[in-house]
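Heads up, the thing below is written out as structure tokens.
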Amino acid sequence: MSNDRRLDIEFAYTSFQDSCRDLFSLHYRCRRPLGHHGVHAAGFGEHRVRWTHHQDHDLDTPLPTH
């Protein structure tokens with residue numbers, strides 16, 4: 001199973017509330033489960049992004065308030 005396929009499955013079975021939510025940009029938050037190992041990831045297909053955590057930021061970025 002490819003890494004992209006594995007991430008697709010993680011995203012499908014992880015609710016937003018149970019996801020890491022590390023902030024990449026205003027449009028991308030990590031969709032991997034809380035406590036995951038390895039890089040953060042968000043998006044699907046050609047829009048998938050991966051990043052490492054910036055040590056000066058908290059892991060659980062607060063949700064925006066509207």
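By convention here, the chains of the structure tokens are called A, B, ... in the order presented, each chain's residues are numbered starting at 1, and ligands are numbered starting at 1 in the order presented.
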task: Quick one: pick out all alpha helix (DSSP H) residues within chain A from a backbone DSSP run and write them as number ranges by chain.
output: A: 3-13
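Closest to Arg6 in chain A among A:His47, A:Ser25, A:Gly35, A:Ala41 is A:Ala41, based on only C-alpha atoms.
Distances to Ala42 in chain A were evaluated for A:Leu7, A:Cys30, A:Cys20, A:Ala12 using only C-alpha atoms, and the minimum falls at A:Cys30.
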ask   = At what distance in Å, to one decimal, does CA of His27 in chain A lie from CA of Arg5 in chain A?
value =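 For CA of Arg5 in chain A relative to CA of His27 in chain A, the distance reads 21.4 Å.
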Correct to one decimal, the distance CA of Tyr13 in chain A-CA of Glu46 in chain A is 20.4 Å
(request) Apply DSSP to the backbone of this structure and, from chain A, keep only the residues in strand (DSSP E or B); write these as number ranges by chain. (result) A: 19, 23, 29, 33, 40-42, 49-51
Checklist entry - Which value, in Å to one decimal, gives the distance between CA of Arg29 in chain A and CA of Met1 in chain A? => result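 A separation of 23.8 Å between them.
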Using only C-alpha atoms, the residue out of A:Asp4, A:Leu26, A:Pro33, A:Glu10 with shortest distance to Arg48 in chain A is A:Asp4
- Query: For His54 in chain A, which residue out of A:Phe16, A:His36, A:Asp22, A:Ile9 is the nearest one, using only C-alpha atoms?
  - Reply: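 Ranking A:Phe16, A:His36, A:Asp22, A:Ile9 by distance to His54 in chain A, first place goes to A:Asp22.
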- Message: Using only C-alpha atoms, can you tell me which of A:Ser2, A:His53, A:Ser15, A:Gly43 comes closest to Tyr28 in chain A?
- Response: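 Between A:Ser2, A:His53, A:Ser15, A:Gly43, the residue approaching Tyr28 in chain A most closely is A:Gly43.
Proximity ranking of A:Gln55, A:His37, A:Arg50, A:Arg31 relative to Asp8 in chain A places A:Arg31 first, based on only C-alpha atoms.
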